[in-house]
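Everything below belongs to upload.cif, which stores mmCIF, C-alpha atoms.
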data_coords
#
loop_
_atom_site.group_PDB
_atom_site.id
_atom_site.type_symbol
_atom_site.label_atom_id
_atom_site.label_comp_id
_atom_site.auth_asym_id
_atom_site.auth_seq_id
_atom_site.Cartn_x
_atom_site.Cartn_y
_atom_site.Cartn_z
ATOM 1 C CA THR A 1 18.173 -4.381 -24.228
ATOM 2 C CA VAL A 2 19.987 -2.797 -21.270
ATOM 3 C CA PHE A 3 16.660 -1.494 -19.963
ATOM 4 C CA ARG A 4 15.137 -4.978 -20.122
ATOM 5 C CA VAL A 5 18.071 -6.457 -18.212
ATOM 6 C CA LEU A 6 17.916 -3.766 -15.513
ATOM 7 C CA TYR A 7 14.137 -4.034 -15.271
ATOM 8 C CA GLY A 8 14.426 -7.822 -14.961
ATOM 9 C CA LEU A 9 16.925 -7.408 -12.131
ATOM 10 C CA PHE A 10 14.505 -4.998 -10.411
ATOM 11 C CA SER A 11 12.121 -7.912 -9.899
ATOM 12 C CA THR A 12 14.585 -10.301 -8.261
ATOM 13 C CA GLN A 13 14.838 -11.181 -4.582
ATOM 14 C CA LEU A 14 18.401 -9.852 -4.605
ATOM 15 C CA ALA A 15 17.206 -6.464 -5.881
ATOM 16 C CA THR A 16 14.464 -6.385 -3.243
ATOM 17 C CA PHE A 17 17.025 -7.177 -0.534
ATOM 18 C CA LEU A 18 19.450 -4.490 -1.734
ATOM 19 C CA LEU A 19 16.787 -1.837 -2.298
ATOM 20 C CA SER A 20 15.264 -2.434 1.122
ATOM 21 C CA ARG A 21 18.696 -2.050 2.781
ATOM 22 C CA MET A 22 19.361 1.147 0.841
ATOM 23 C CA LEU A 23 15.953 2.814 0.878
ATOM 24 C CA HIS A 24 13.829 1.669 3.828
ATOM 25 C CA THR A 25 13.583 3.984 6.790
ATOM 26 C CA LYS A 26 15.008 2.192 9.832
ATOM 27 C CA ARG A 27 12.677 1.329 12.721
ATOM 28 C CA ASN A 28 13.805 4.098 15.088
ATOM 29 C CA GLU A 29 15.162 6.632 12.627
ATOM 30 C CA PRO A 30 13.436 9.658 11.135
ATOM 31 C CA GLN A 31 12.235 9.377 7.594
ATOM 32 C CA ASP A 32 14.365 10.971 4.849
ATOM 33 C CA GLU A 33 13.251 14.354 3.557
ATOM 34 C CA GLN A 34 10.647 13.924 0.862
ATOM 35 C CA LEU A 35 11.099 15.248 -2.631
ATOM 36 C CA GLY A 36 9.568 18.740 -2.634
ATOM 37 C CA GLY A 37 9.066 18.650 1.150
ATOM 38 C CA THR A 38 5.752 16.776 0.891
ATOM 39 C CA MET A 39 4.149 16.166 4.301
ATOM 40 C CA PRO A 40 1.535 13.603 5.408
ATOM 41 C CA VAL A 41 -2.073 14.751 5.185
ATOM 42 C CA VAL A 42 -5.448 13.315 6.263
ATOM 43 C CA LEU A 43 -8.337 13.597 3.799
ATOM 44 C CA GLY A 44 -11.885 12.353 3.413
ATOM 45 C CA SER A 45 -15.074 12.085 5.394
ATOM 46 C CA HIS A 46 -15.682 10.580 8.827
ATOM 47 C CA GLU A 47 -16.849 7.428 7.045
ATOM 48 C CA LEU A 48 -13.698 7.001 4.937
ATOM 49 C CA ARG A 49 -10.587 8.754 6.199
ATOM 50 C CA ILE A 50 -7.407 8.525 4.154
ATOM 51 C CA LYS A 51 -3.939 9.462 5.330
ATOM 52 C CA VAL A 52 -1.466 10.122 2.526
ATOM 53 C CA ILE A 53 2.061 9.170 3.640
ATOM 54 C CA PRO A 54 5.018 10.275 1.506
ATOM 55 C CA ILE A 55 7.645 7.502 1.413
ATOM 56 C CA LEU A 56 11.022 6.581 -0.080
ATOM 57 C CA GLY A 57 12.406 10.133 0.067
ATOM 58 C CA GLY A 58 13.749 11.143 -3.306
ATOM 59 C CA ALA A 59 14.128 7.584 -4.594
ATOM 60 C CA PHE A 60 11.964 6.822 -7.632
ATOM 61 C CA GLY A 61 10.913 10.486 -7.519
ATOM 62 C CA GLY A 62 9.290 9.841 -4.125
ATOM 63 C CA ASN A 63 6.191 7.750 -3.643
ATOM 64 C CA TYR A 64 3.135 7.441 -1.421
ATOM 65 C CA ALA A 65 1.560 4.892 0.868
ATOM 66 C CA TYR A 66 -1.903 5.282 2.352
ATOM 67 C CA LEU A 67 -3.953 4.388 5.389
ATOM 68 C CA ALA A 68 -7.741 4.176 5.103
ATOM 69 C CA TRP A 69 -10.212 3.767 7.951
ATOM 70 C CA ASP A 70 -13.727 4.379 9.220
ATOM 71 C CA GLU A 71 -13.807 6.736 12.237
ATOM 72 C CA ALA A 72 -16.853 4.840 13.557
ATOM 73 C CA ASP A 73 -14.923 1.544 13.763
ATOM 74 C CA ALA A 74 -14.650 0.890 17.505
ATOM 75 C CA GLU A 75 -11.625 -1.352 16.926
ATOM 76 C CA ARG A 76 -9.802 1.450 15.030
ATOM 77 C CA ARG A 77 -8.889 -0.966 12.220
ATOM 78 C CA ALA A 78 -7.096 0.409 9.210
ATOM 79 C CA ILE A 79 -6.129 -0.644 5.719
ATOM 80 C CA ALA A 80 -2.574 0.058 4.524
ATOM 81 C CA ILE A 81 -2.146 0.508 0.790
ATOM 82 C CA ASP A 82 1.241 0.007 -0.912
ATOM 83 C CA PRO A 83 3.426 0.484 2.207
ATOM 84 C CA ALA A 84 6.750 0.108 0.358
ATOM 85 C CA ASP A 85 8.588 1.841 3.231
ATOM 86 C CA PRO A 86 6.989 0.130 6.243
ATOM 87 C CA TYR A 87 8.140 2.069 9.304
ATOM 88 C CA PRO A 88 6.740 5.493 8.277
ATOM 89 C CA VAL A 89 3.399 3.726 7.668
ATOM 90 C CA LEU A 90 3.496 1.937 11.029
ATOM 91 C CA ARG A 91 4.336 5.257 12.762
ATOM 92 C CA ALA A 92 1.492 7.025 10.934
ATOM 93 C CA ALA A 93 -0.954 4.347 12.105
ATOM 94 C CA LYS A 94 0.248 4.762 15.688
ATOM 95 C CA GLU A 95 -0.120 8.562 15.445
ATOM 96 C CA GLU A 96 -3.756 8.103 14.386
ATOM 97 C CA GLY A 97 -4.436 5.421 17.039
ATOM 98 C CA LEU A 98 -5.022 2.770 14.359
ATOM 99 C CA GLN A 99 -4.373 -0.958 14.148
ATOM 100 C CA ILE A 100 -3.513 -2.075 10.614
ATOM 101 C CA ASP A 101 -5.590 -5.180 9.876
ATOM 102 C CA LEU A 102 -5.350 -5.379 6.104
ATOM 103 C CA LEU A 103 -2.744 -4.505 3.469
ATOM 104 C CA LEU A 104 -3.683 -3.906 -0.176
ATOM 105 C CA CYS A 105 -0.884 -4.205 -2.734
ATOM 106 C CA THR A 106 -1.602 -2.766 -6.184
ATOM 107 C CA HIS A 107 1.325 -4.545 -7.889
ATOM 108 C CA TRP A 108 4.584 -6.358 -7.206
ATOM 109 C CA HIS A 109 7.185 -3.633 -7.887
ATOM 110 C CA PHE A 110 9.464 -2.796 -4.956
ATOM 111 C CA ASP A 111 8.247 0.796 -4.647
ATOM 112 C CA HIS A 112 4.762 -0.598 -3.860
ATOM 113 C CA ALA A 113 5.318 -4.088 -2.398
ATOM 114 C CA GLY A 114 8.788 -3.649 -0.887
ATOM 115 C CA GLY A 115 7.490 -3.301 2.682
ATOM 116 C CA ASN A 116 5.013 -6.178 2.681
ATOM 117 C CA SER A 117 7.280 -8.724 4.380
ATOM 118 C CA ILE A 118 8.296 -6.366 7.177
ATOM 119 C CA MET A 119 4.663 -5.323 7.685
ATOM 120 C CA ALA A 120 3.663 -9.003 7.961
ATOM 121 C CA LYS A 121 6.438 -9.639 10.521
ATOM 122 C CA GLU A 122 5.565 -6.552 12.560
ATOM 123 C CA LEU A 123 1.812 -7.260 12.499
ATOM 124 C CA PRO A 124 1.145 -10.987 13.063
ATOM 125 C CA GLY A 125 -2.088 -12.053 11.405
ATOM 126 C CA LEU A 126 -1.971 -9.216 8.866
ATOM 127 C CA LYS A 127 -3.988 -10.026 5.748
ATOM 128 C CA VAL A 128 -2.023 -9.064 2.621
ATOM 129 C CA VAL A 129 -4.219 -8.743 -0.467
ATOM 130 C CA ALA A 130 -2.909 -8.850 -4.032
ATOM 131 C CA ALA A 131 -4.143 -9.630 -7.519
ATOM 132 C CA ALA A 132 -4.614 -13.289 -8.366
ATOM 133 C CA ALA A 133 -2.765 -12.564 -11.620
ATOM 134 C CA GLU A 134 0.372 -11.494 -9.727
ATOM 135 C CA LYS A 135 0.822 -15.110 -8.626
ATOM 136 C CA ALA A 136 3.860 -15.430 -6.343
ATOM 137 C CA ARG A 137 5.403 -12.044 -7.174
ATOM 138 C CA VAL A 138 3.801 -10.059 -4.324
ATOM 139 C CA PRO A 139 5.700 -10.696 -1.079
ATOM 140 C CA ALA A 140 3.728 -11.989 1.921
ATOM 141 C CA ALA A 141 0.397 -12.163 0.035
ATOM 142 C CA THR A 142 -2.226 -14.192 1.903
ATOM 143 C CA ILE A 143 -5.346 -13.321 -0.134
ATOM 144 C CA ARG A 144 -5.614 -13.195 -3.928
ATOM 145 C CA LEU A 145 -8.478 -11.349 -5.617
ATOM 146 C CA GLY A 146 -9.661 -11.404 -9.207
ATOM 147 C CA ASP A 147 -11.497 -8.756 -11.192
ATOM 148 C CA LEU A 148 -14.566 -7.354 -9.408
ATOM 149 C CA GLU A 149 -14.113 -9.600 -6.373
ATOM 150 C CA GLU A 150 -15.012 -7.917 -3.118
ATOM 151 C CA MET A 151 -14.162 -8.094 0.540
ATOM 152 C CA ARG A 152 -14.985 -6.032 3.607
ATOM 153 C CA MET A 153 -13.344 -4.690 6.698
ATOM 154 C CA GLY A 154 -16.143 -3.495 8.922
ATOM 155 C CA ARG A 155 -18.230 -1.020 6.912
ATOM 156 C CA ILE A 156 -15.498 -0.489 4.321
ATOM 157 C CA GLN A 157 -16.126 -2.382 1.112
ATOM 158 C CA ILE A 158 -13.130 -3.171 -1.096
ATOM 159 C CA ILE A 159 -13.697 -3.894 -4.785
ATOM 160 C CA ALA A 160 -10.788 -5.194 -6.854
ATOM 161 C CA HIS A 161 -10.421 -4.070 -10.468
ATOM 162 C CA GLU A 162 -7.891 -5.815 -12.715
ATOM 163 C CA VAL A 163 -6.078 -3.284 -14.902
ATOM 164 C CA PRO A 164 -3.233 -5.151 -16.633
ATOM 165 C CA GLY A 165 -0.698 -2.888 -18.236
ATOM 166 C CA HIS A 166 1.924 -1.496 -15.879
ATOM 167 C CA THR A 167 2.267 -5.102 -14.705
ATOM 168 C CA LEU A 168 0.205 -8.041 -15.912
ATOM 169 C CA GLY A 169 -1.493 -8.156 -12.523
ATOM 170 C CA SER A 170 -1.898 -4.452 -11.747
ATOM 171 C CA MET A 171 -4.967 -3.871 -9.637
ATOM 172 C CA VAL A 172 -6.999 -0.825 -8.630
ATOM 173 C CA PHE A 173 -8.682 -1.083 -5.241
ATOM 174 C CA GLU A 174 -11.943 0.831 -4.855
ATOM 175 C CA LEU A 175 -12.909 1.581 -1.254
ATOM 176 C CA ARG A 176 -16.278 2.852 -0.065
ATOM 177 C CA ASN A 177 -18.231 2.878 3.166
ATOM 178 C CA VAL A 178 -21.430 0.854 2.700
ATOM 179 C CA ALA A 179 -23.152 2.848 5.461
ATOM 180 C CA ALA A 180 -22.614 6.107 3.547
ATOM 181 C CA PRO A 181 -23.359 5.444 -0.141
ATOM 182 C CA GLU A 182 -23.692 9.193 -0.772
ATOM 183 C CA GLN A 183 -20.027 9.700 0.146
ATOM 184 C CA PRO A 184 -17.429 9.399 -2.613
ATOM 185 C CA ALA A 185 -15.402 6.235 -3.005
ATOM 186 C CA ALA A 186 -11.605 6.231 -3.158
ATOM 187 C CA ALA A 187 -9.556 4.433 -5.811
ATOM 188 C CA PHE A 188 -5.981 3.350 -5.160
ATOM 189 C CA THR A 189 -4.406 2.909 -8.558
ATOM 190 C CA GLY A 190 -0.752 2.101 -7.889
ATOM 191 C CA ASP A 191 1.114 3.026 -11.066
ATOM 192 C CA THR A 192 -1.838 2.477 -13.377
ATOM 193 C CA LEU A 193 -2.470 6.253 -13.508
ATOM 194 C CA PHE A 194 0.323 8.800 -13.350
ATOM 195 C CA CYS A 195 -0.274 12.478 -12.692
#
Starting from the file, lay out its structure as structure tokens.
Amino acid sequence: TVFRVLYGLFSTQLATFLLSRMLHTKRNEPQDEQLGGTMPVVLGSHELRIKVIPILGGAFGGNYAYLAWDEADAERRAIAIDPADPYPVLRAAKEEGLQIDLLLCTHWHFDHAGGNSIMAKELPGLKVVAAAAEKARVPAATIRLGDLEEMRMGRIQIIAHEVPGHTLGSMVFELRNVAAPEQPAAAFTGDTLFC
């Protein structure tokens, strides 16, 4: 019963406000040390680069946000995935010379969606994508996708996969470069799969 009450409070606007004040890295401050000293890393092929960005320090056991992009995109557009702590993600994009055009949110929990509103304020015109099943729970969402619906950003194809469980609207986003079908796709699973 206590767990249900606390978990219910976790989903309120008040909790989001308090958690963001306590846990978000400030605009011009260095990010807190990450649990285990994890550092950002860039992975993938030229066609689908992925930068793994450790966020939220030791809170929630640490967490990760991601940037994905196509090196051949002349506009240097990028996709941010689950940027719960927005300023480390914005700094990482700047370091890579990227302009974030699209945000994918796997589910509504603060440690995945907690940075959406700040990202939308910092990046006017940002498209924030969430599951249709999440309804109004994902902050700043502008696009809602259902199971197996697709969209594109340049040569990067995004396929949405509904995977209800962790939340009723949990979504896995599959990304692949349509110009390089032989290259592996990437799947961003939120909290659907734990290691």
**Fill in**
Among A:Leu193, A:Val129, A:Ile100, A:Ala140, A:Arg77 is approached most closely, using all atoms listed in the file, by A:Ile100
**Asked** Near A:Asp73, counting only C-alpha atoms, which residues have an atom at most 12 Å away, once you skip same-chain residues fewer than 3 positions from it, shown as a VMD selection string?
**Response** chain A and resid 46 to 49 68 to 70 76 to 78 97 to 99 153 to 156 177 179
**Reference answer for the PyMOL selection byres ((chain A and resi 54) around 6), as a list in words** =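 For this structure, the PyMOL selection byres ((chain A and resi 54) around 6) resolves to Ile53, Ile55, Asn63 and Tyr64 of chain A.
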Test item: the PyMOL selection byres ((chain A and resi 123) around 10) resolved as a compact mmCIF listing (two decimals) with C-alpha atoms, keeping the file's coordinate frame:
# COMPACT_ATOMS: atom_id res chain seq x y z
CA LEU A 90 3.50 1.94 11.03
CA GLN A 99 -4.37 -0.96 14.15
CA ILE A 100 -3.51 -2.08 10.61
CA ASP A 101 -5.59 -5.18 9.88
CA LEU A 102 -5.35 -5.38 6.10
CA SER A 117 7.28 -8.72 4.38
CA ILE A 118 8.30 -6.37 7.18
CA MET A 119 4.66 -5.32 7.68
CA ALA A 120 3.66 -9.00 7.96
CA LYS A 121 6.44 -9.64 10.52
CA GLU A 122 5.56 -6.55 12.56
CA PRO A 124 1.14 -10.99 13.06
CA GLY A 125 -2.09 -12.05 11.40
CA LEU A 126 -1.97 -9.22 8.87
CA LYS A 127 -3.99 -10.03 5.75
**Message:** Between atom CA of A:Ala80 and atom CA of A:Tyr66, what is the distance in Å, rounded to a tenth?
**Reply:**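 A separation of 5.7 Å between them.
Reported to one decimal place, the separation of atom CA of A:Met22 from atom CA of A:Leu104 is 23.6 Å.
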For the structure just given, write the atoms of stretch 66-78 of chain A, namely all heavy atoms, as a CSV table (one decimal), in the first residue's frame.
chain,number,residue,atom,x,y,z
A,66,TYR,N,20.2,9.4,-24.9
A,66,TYR,CA,20.9,9.1,-26.1
A,66,TYR,C,20.7,10.2,-27.2
A,66,TYR,O,19.7,10.8,-27.2
A,66,TYR,CB,20.4,7.8,-26.7
A,66,TYR,CG,20.5,6.6,-25.7
A,66,TYR,CD1,19.4,6.4,-24.9
A,66,TYR,CD2,21.6,5.8,-25.6
A,66,TYR,CE1,19.4,5.4,-23.9
A,66,TYR,CE2,21.6,4.8,-24.6
A,66,TYR,CZ,20.5,4.6,-23.8
A,66,TYR,OH,20.5,3.6,-22.9
A,67,LEU,N,21.7,10.3,-28.0
A,67,LEU,CA,21.5,11.1,-29.3
A,67,LEU,C,21.8,10.1,-30.4
A,67,LEU,O,22.7,9.3,-30.3
A,67,LEU,CB,22.6,12.2,-29.3
A,67,LEU,CG,22.4,13.4,-28.4
A,67,LEU,CD1,23.6,14.3,-28.4
A,67,LEU,CD2,21.1,14.1,-28.7
A,68,ALA,N,21.0,10.2,-31.5
A,68,ALA,CA,21.2,9.4,-32.7
A,68,ALA,C,21.2,10.3,-33.9
A,68,ALA,O,20.4,11.3,-33.9
A,68,ALA,CB,20.1,8.3,-32.8
A,69,TRP,N,22.1,10.0,-34.8
A,69,TRP,CA,22.2,10.9,-36.0
A,69,TRP,C,22.9,10.1,-37.2
A,69,TRP,O,23.5,9.1,-37.0
A,69,TRP,CB,22.9,12.2,-35.7
A,69,TRP,CG,24.4,12.1,-35.5
A,69,TRP,CD1,25.4,12.3,-36.4
A,69,TRP,CD2,25.0,11.8,-34.2
A,69,TRP,NE1,26.6,12.2,-35.8
A,69,TRP,CE2,26.4,11.9,-34.5
A,69,TRP,CE3,24.6,11.5,-33.0
A,69,TRP,CZ2,27.4,11.7,-33.5
A,69,TRP,CZ3,25.5,11.3,-32.0
A,69,TRP,CH2,26.9,11.4,-32.2
A,70,ASP,N,22.7,10.7,-38.3
A,70,ASP,CA,23.3,10.2,-39.6
A,70,ASP,C,24.4,11.2,-39.9
A,70,ASP,O,24.2,12.3,-40.1
A,70,ASP,CB,22.2,10.1,-40.7
A,70,ASP,CG,22.7,9.7,-42.0
A,70,ASP,OD1,24.0,9.5,-42.2
A,70,ASP,OD2,21.9,9.6,-42.9
A,71,GLU,N,25.7,10.7,-40.0
A,71,GLU,CA,26.8,11.6,-40.3
A,71,GLU,C,26.7,12.2,-41.7
A,71,GLU,O,27.2,13.3,-41.9
A,71,GLU,CB,28.1,10.8,-40.2
A,71,GLU,CG,28.6,10.4,-38.8
A,71,GLU,CD,29.1,11.6,-38.0
A,71,GLU,OE1,29.2,12.7,-38.5
A,71,GLU,OE2,29.5,11.4,-36.9
A,72,ALA,N,25.9,11.6,-42.6
A,72,ALA,CA,25.7,12.2,-43.9
A,72,ALA,C,24.7,13.3,-44.0
A,72,ALA,O,24.5,13.9,-45.0
A,72,ALA,CB,25.4,11.1,-44.9
A,73,ASP,N,24.0,13.5,-42.9
A,73,ASP,CA,22.9,14.6,-42.9
A,73,ASP,C,23.6,15.9,-42.8
A,73,ASP,O,24.2,16.3,-41.9
A,73,ASP,CB,22.0,14.4,-41.6
A,73,ASP,CG,20.8,15.3,-41.6
A,73,ASP,OD1,20.9,16.4,-42.2
A,73,ASP,OD2,19.9,15.0,-40.9
A,74,ALA,N,23.5,16.7,-43.9
A,74,ALA,CA,24.1,18.0,-44.1
A,74,ALA,C,23.6,19.0,-43.0
A,74,ALA,O,24.3,19.9,-42.7
A,74,ALA,CB,23.8,18.5,-45.5
A,75,GLU,N,22.4,18.8,-42.6
A,75,GLU,CA,21.8,19.7,-41.5
A,75,GLU,C,22.3,19.3,-40.1
A,75,GLU,O,22.0,20.1,-39.2
A,75,GLU,CB,20.3,19.7,-41.6
A,75,GLU,CG,19.8,20.2,-42.9
A,75,GLU,CD,18.3,20.1,-43.0
A,75,GLU,OE1,17.6,20.6,-42.1
A,75,GLU,OE2,17.8,19.5,-44.0
A,76,ARG,N,23.0,18.2,-40.0
A,76,ARG,CA,23.4,17.7,-38.7
A,76,ARG,C,22.3,17.6,-37.7
A,76,ARG,O,22.4,17.9,-36.5
A,76,ARG,CB,24.5,18.6,-38.1
A,76,ARG,CG,25.8,18.8,-38.9
A,76,ARG,CD,26.6,17.5,-39.0
A,76,ARG,NE,27.2,17.2,-37.7
A,76,ARG,CZ,27.7,16.0,-37.4
A,76,ARG,NH1,27.6,15.0,-38.2
A,76,ARG,NH2,28.2,15.8,-36.2
A,77,ARG,N,21.1,17.1,-38.1
A,77,ARG,CA,20.0,16.9,-37.3
A,77,ARG,C,20.2,15.6,-36.4
A,77,ARG,O,20.8,14.6,-36.8
A,77,ARG,CB,18.7,16.7,-38.1
A,77,ARG,CG,18.3,17.9,-38.8
A,77,ARG,CD,17.2,17.7,-39.8
A,77,ARG,NE,17.6,16.7,-40.8
A,77,ARG,CZ,16.8,16.2,-41.7
A,77,ARG,NH1,15.6,16.5,-41.7
A,77,ARG,NH2,17.3,15.4,-42.6
A,78,ALA,N,19.7,15.7,-35.2
A,78,ALA,CA,19.8,14.6,-34.3
A,78,ALA,C,18.5,14.3,-33.6
A,78,ALA,O,17.6,15.1,-33.6
A,78,ALA,CB,20.9,14.9,-33.2
